[in-house]
Structures are given as structure tokens and as C-alpha cells.
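This report refers to the structure that appears directly beneath it.
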Amino acid sequence: MTTPTRNAPLAVTAALIVVGLAFAAVGAIYLAQSAAHLPSFFPGHQAGSAHHHTKHGLVALALAVLSWVGAWFTTGKKRTSEAP
């Protein structure tokens with residue numbers, strides 16, 4: 001009897017976790033900072049603006065969760081077909 005192997009390489013799982021952390025950080029920055037205080041390379045940066053980009057933050061957090069769900073799915077084992 002052979003043991004089932006992982007669905008994806010460990011590097012894919014680690015990359016999805018790191019990408020999720022990056023999206024979570026971006027989402028937190030969008031929710032916490034006004035448009036004037038965003039880094040200049042972020043979409044939505046406007047000097048002197050007090051506007052918060054709530055939708056950008058929520059989308060970034062949703063992408064973080066989606067990345068982590070993808071990482072979770074990659075940790076499963078491949079199913080092997082059993083002969084009757």
C-alpha cells in the first residue's frame with residue numbers, strides 16, 4: 001500500500017500563504033489610512049484627501065482569505081483509486 005502524496009508542492013502552499021499575508025497587510029493599510037496617507041504607489045493615493053478607500057480594503061482582505069483557502073486546499077492528499 002502506498003501513501004497518498006500532496007495535491008501541490010509545498011512551495012505552492014507557502015506562496016499562497018505569503019500572498020495572503022501581503023493582501024491582508026494591504027487591506028489593513030487601506031482601511032486604516034486616508035487617501036492622503038497611502039503610499040504613493042497604491043491606487044487611490046490622493047494628496048490632501050481625507051477619503052478612506054473602504055472597498056479597496058475589503059477586496060484586499062477578501063483576496064487574502066481566498067489565498068488562504070487555496071493554501072488549505074493544496075494541503076490535502078491525492079486520492080488513490082482502490083481496486084474492488
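Residue numbering restarts at 1 for every chain of the C-alpha cells, chains are lettered A, B, ... in their displayed order, and ligands are numbered from 1 as they appear.
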
Task: Polymer residues at most 10 Å from Ala36 of chain A, only C-alpha atoms, same-chain spacing of 6 or more positions, as a PyMOL selection string - done: chain A and resi 44-52

How would the residues just picked look written out with N, CA, C and O atoms as a compact mmCIF listing (two decimals), in the first residue's frame?
# COMPACT_ATOMS: atom_id res chain seq x y z
N GLY A 44 -5.36 54.94 -5.69
CA GLY A 44 -6.23 55.69 -4.81
C GLY A 44 -5.51 56.73 -3.97
O GLY A 44 -6.15 57.48 -3.23
N HIS A 45 -4.20 56.80 -4.07
CA HIS A 45 -3.45 57.81 -3.33
C HIS A 45 -3.81 59.19 -3.87
O HIS A 45 -3.72 59.43 -5.07
N GLN A 46 -4.26 60.10 -2.99
CA GLN A 46 -4.60 61.46 -3.38
C GLN A 46 -4.07 62.39 -2.31
O GLN A 46 -4.52 62.33 -1.15
N ALA A 47 -3.14 63.24 -2.67
CA ALA A 47 -2.56 64.17 -1.71
C ALA A 47 -3.63 65.10 -1.18
O ALA A 47 -4.45 65.64 -1.93
N GLY A 48 -3.68 65.27 0.14
CA GLY A 48 -4.62 66.18 0.78
C GLY A 48 -6.03 65.66 0.95
O GLY A 48 -6.89 66.37 1.43
N SER A 49 -6.29 64.42 0.59
CA SER A 49 -7.64 63.87 0.68
C SER A 49 -7.84 63.17 2.02
O SER A 49 -6.94 62.51 2.54
N ALA A 50 -9.04 63.31 2.59
CA ALA A 50 -9.38 62.63 3.84
C ALA A 50 -10.23 61.40 3.58
O ALA A 50 -10.70 60.75 4.52
N HIS A 51 -10.41 61.04 2.31
CA HIS A 51 -11.26 59.92 1.93
C HIS A 51 -10.58 58.59 2.26
O HIS A 51 -9.38 58.42 2.06
N HIS A 52 -11.36 57.62 2.78
CA HIS A 52 -10.85 56.27 3.02
C HIS A 52 -11.36 55.36 1.91
O HIS A 52 -12.52 55.44 1.51

Task: Residue with smallest distance to Gly70 of chain A - pool A:Ala25, A:Ala32, A:Ile17, A:Leu38, counting only C-alpha atoms - done: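 Of A:Ala25, A:Ala32, A:Ile17, A:Leu38, the one nearest Gly70 of chain A is A:Ile17, counting only C-alpha atoms.
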
Open item on the list: Give me, as a list in words, all polymer residues having an atom no more than 9 Å from Ala71 of chain A, counting only C-alpha atoms and skipping those fewer than 4 positions away in the same chain.
Closed with: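 Here the answer would be Val12, Thr13, Ala14, Ala15, Leu16, Ile17, Leu66, Ser67 and Thr75 of chain A.
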
Open item on the list: When DSSP is applied to the backbone of this structure, which of chain A are assigned helix (DSSP H, G or I)? Write them out as a PyMOL selection string.
Closed with: chain A and resi 10-32+35-37+54-74

How about saving the chosen residues, N, CA and C atoms kept, as a short mmCIF file (atom, residue, chain, number, x, y, z; two decimals), in the first residue's frame?
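Saved file selection_39.cif follows:
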data_model
loop_
_atom_site.label_atom_id
_atom_site.label_comp_id
_atom_site.auth_asym_id
_atom_site.auth_seq_id
_atom_site.Cartn_x
_atom_site.Cartn_y
_atom_site.Cartn_z
N LEU A 10 4.95 21.88 -1.71
CA LEU A 10 4.97 22.72 -0.52
C LEU A 10 5.22 24.18 -0.87
N ALA A 11 5.99 24.43 -1.92
CA ALA A 11 6.28 25.80 -2.34
C ALA A 11 5.00 26.55 -2.76
N VAL A 12 4.07 25.85 -3.37
CA VAL A 12 2.81 26.48 -3.78
C VAL A 12 2.00 26.88 -2.54
N THR A 13 1.93 25.99 -1.57
CA THR A 13 1.22 26.30 -0.34
C THR A 13 1.85 27.48 0.38
N ALA A 14 3.17 27.48 0.48
CA ALA A 14 3.87 28.58 1.15
C ALA A 14 3.66 29.90 0.40
N ALA A 15 3.69 29.86 -0.93
CA ALA A 15 3.49 31.07 -1.72
C ALA A 15 2.08 31.64 -1.52
N LEU A 16 1.08 30.77 -1.47
CA LEU A 16 -0.29 31.23 -1.24
C LEU A 16 -0.44 31.85 0.15
N ILE A 17 0.23 31.30 1.13
CA ILE A 17 0.17 31.88 2.48
C ILE A 17 0.82 33.25 2.50
N VAL A 18 1.97 33.39 1.85
CA VAL A 18 2.67 34.68 1.81
C VAL A 18 1.85 35.71 1.04
N VAL A 19 1.26 35.32 -0.08
CA VAL A 19 0.42 36.23 -0.86
C VAL A 19 -0.78 36.67 -0.01
N GLY A 20 -1.36 35.74 0.74
CA GLY A 20 -2.47 36.09 1.63
C GLY A 20 -2.06 37.09 2.69
N LEU A 21 -0.87 36.91 3.25
CA LEU A 21 -0.38 37.87 4.24
C LEU A 21 -0.18 39.25 3.61
N ALA A 22 0.33 39.29 2.39
CA ALA A 22 0.52 40.57 1.71
C ALA A 22 -0.82 41.26 1.46
N PHE A 23 -1.81 40.51 0.98
CA PHE A 23 -3.13 41.09 0.76
C PHE A 23 -3.75 41.58 2.07
N ALA A 24 -3.56 40.84 3.15
CA ALA A 24 -4.09 41.26 4.44
C ALA A 24 -3.43 42.56 4.89
N ALA A 25 -2.14 42.69 4.69
CA ALA A 25 -1.44 43.92 5.06
C ALA A 25 -1.94 45.10 4.22
N VAL A 26 -2.11 44.89 2.92
CA VAL A 26 -2.61 45.96 2.05
C VAL A 26 -4.03 46.35 2.46
N GLY A 27 -4.86 45.36 2.77
CA GLY A 27 -6.23 45.65 3.20
C GLY A 27 -6.26 46.46 4.49
N ALA A 28 -5.39 46.11 5.42
CA ALA A 28 -5.33 46.84 6.69
C ALA A 28 -4.87 48.29 6.46
N ILE A 29 -3.92 48.47 5.56
CA ILE A 29 -3.44 49.83 5.25
C ILE A 29 -4.56 50.65 4.63
N TYR A 30 -5.30 50.06 3.68
CA TYR A 30 -6.40 50.79 3.05
C TYR A 30 -7.47 51.17 4.08
N LEU A 31 -7.76 50.28 5.01
CA LEU A 31 -8.81 50.58 5.99
C LEU A 31 -8.35 51.57 7.05
N ALA A 32 -7.07 51.58 7.36
CA ALA A 32 -6.57 52.41 8.46
C ALA A 32 -6.15 53.81 8.02
N ALA A 35 -6.72 58.53 2.06
CA ALA A 35 -6.10 58.53 0.73
C ALA A 35 -4.82 59.37 0.71
N ALA A 36 -4.75 60.39 1.52
CA ALA A 36 -3.55 61.23 1.55
C ALA A 36 -2.37 60.52 2.20
N HIS A 37 -2.64 59.58 3.08
CA HIS A 37 -1.57 58.90 3.81
C HIS A 37 -1.19 57.54 3.22
N THR A 54 -12.53 52.24 1.50
CA THR A 54 -13.04 51.07 2.22
C THR A 54 -13.20 49.87 1.29
N LYS A 55 -13.71 50.11 0.08
CA LYS A 55 -13.92 48.99 -0.85
C LYS A 55 -12.59 48.34 -1.23
N HIS A 56 -11.56 49.15 -1.46
CA HIS A 56 -10.24 48.59 -1.77
C HIS A 56 -9.76 47.69 -0.63
N GLY A 57 -9.96 48.16 0.59
CA GLY A 57 -9.53 47.39 1.76
C GLY A 57 -10.29 46.09 1.89
N LEU A 58 -11.60 46.14 1.70
CA LEU A 58 -12.40 44.92 1.82
C LEU A 58 -12.07 43.91 0.73
N VAL A 59 -11.82 44.39 -0.48
CA VAL A 59 -11.45 43.49 -1.57
C VAL A 59 -10.09 42.85 -1.29
N ALA A 60 -9.15 43.63 -0.78
CA ALA A 60 -7.84 43.07 -0.46
C ALA A 60 -7.95 42.02 0.64
N LEU A 61 -8.79 42.26 1.64
CA LEU A 61 -8.99 41.26 2.70
C LEU A 61 -9.68 40.01 2.16
N ALA A 62 -10.62 40.19 1.23
CA ALA A 62 -11.28 39.04 0.62
C ALA A 62 -10.28 38.21 -0.20
N LEU A 63 -9.38 38.88 -0.89
CA LEU A 63 -8.34 38.16 -1.65
C LEU A 63 -7.39 37.42 -0.71
N ALA A 64 -7.13 37.99 0.47
CA ALA A 64 -6.30 37.30 1.45
C ALA A 64 -6.97 36.01 1.90
N VAL A 65 -8.25 36.09 2.21
CA VAL A 65 -8.99 34.89 2.64
C VAL A 65 -9.01 33.86 1.51
N LEU A 66 -9.22 34.32 0.28
CA LEU A 66 -9.24 33.41 -0.86
C LEU A 66 -7.89 32.72 -1.04
N SER A 67 -6.81 33.46 -0.84
CA SER A 67 -5.46 32.86 -0.93
C SER A 67 -5.26 31.80 0.14
N TRP A 68 -5.72 32.10 1.35
CA TRP A 68 -5.56 31.13 2.45
C TRP A 68 -6.43 29.90 2.24
N VAL A 69 -7.61 30.07 1.66
CA VAL A 69 -8.45 28.90 1.34
C VAL A 69 -7.76 28.05 0.28
N GLY A 70 -7.16 28.71 -0.72
CA GLY A 70 -6.39 27.98 -1.73
C GLY A 70 -5.23 27.22 -1.12
N ALA A 71 -4.55 27.84 -0.16
CA ALA A 71 -3.45 27.15 0.51
C ALA A 71 -3.96 25.94 1.28
N TRP A 72 -5.12 26.08 1.90
CA TRP A 72 -5.71 24.98 2.65
C TRP A 72 -6.03 23.81 1.71
N PHE A 73 -6.57 24.12 0.54
CA PHE A 73 -6.90 23.05 -0.41
C PHE A 73 -5.65 22.35 -0.94
N THR A 74 -4.53 23.04 -1.00
CA THR A 74 -3.32 22.40 -1.51
C THR A 74 -2.69 21.46 -0.50
#
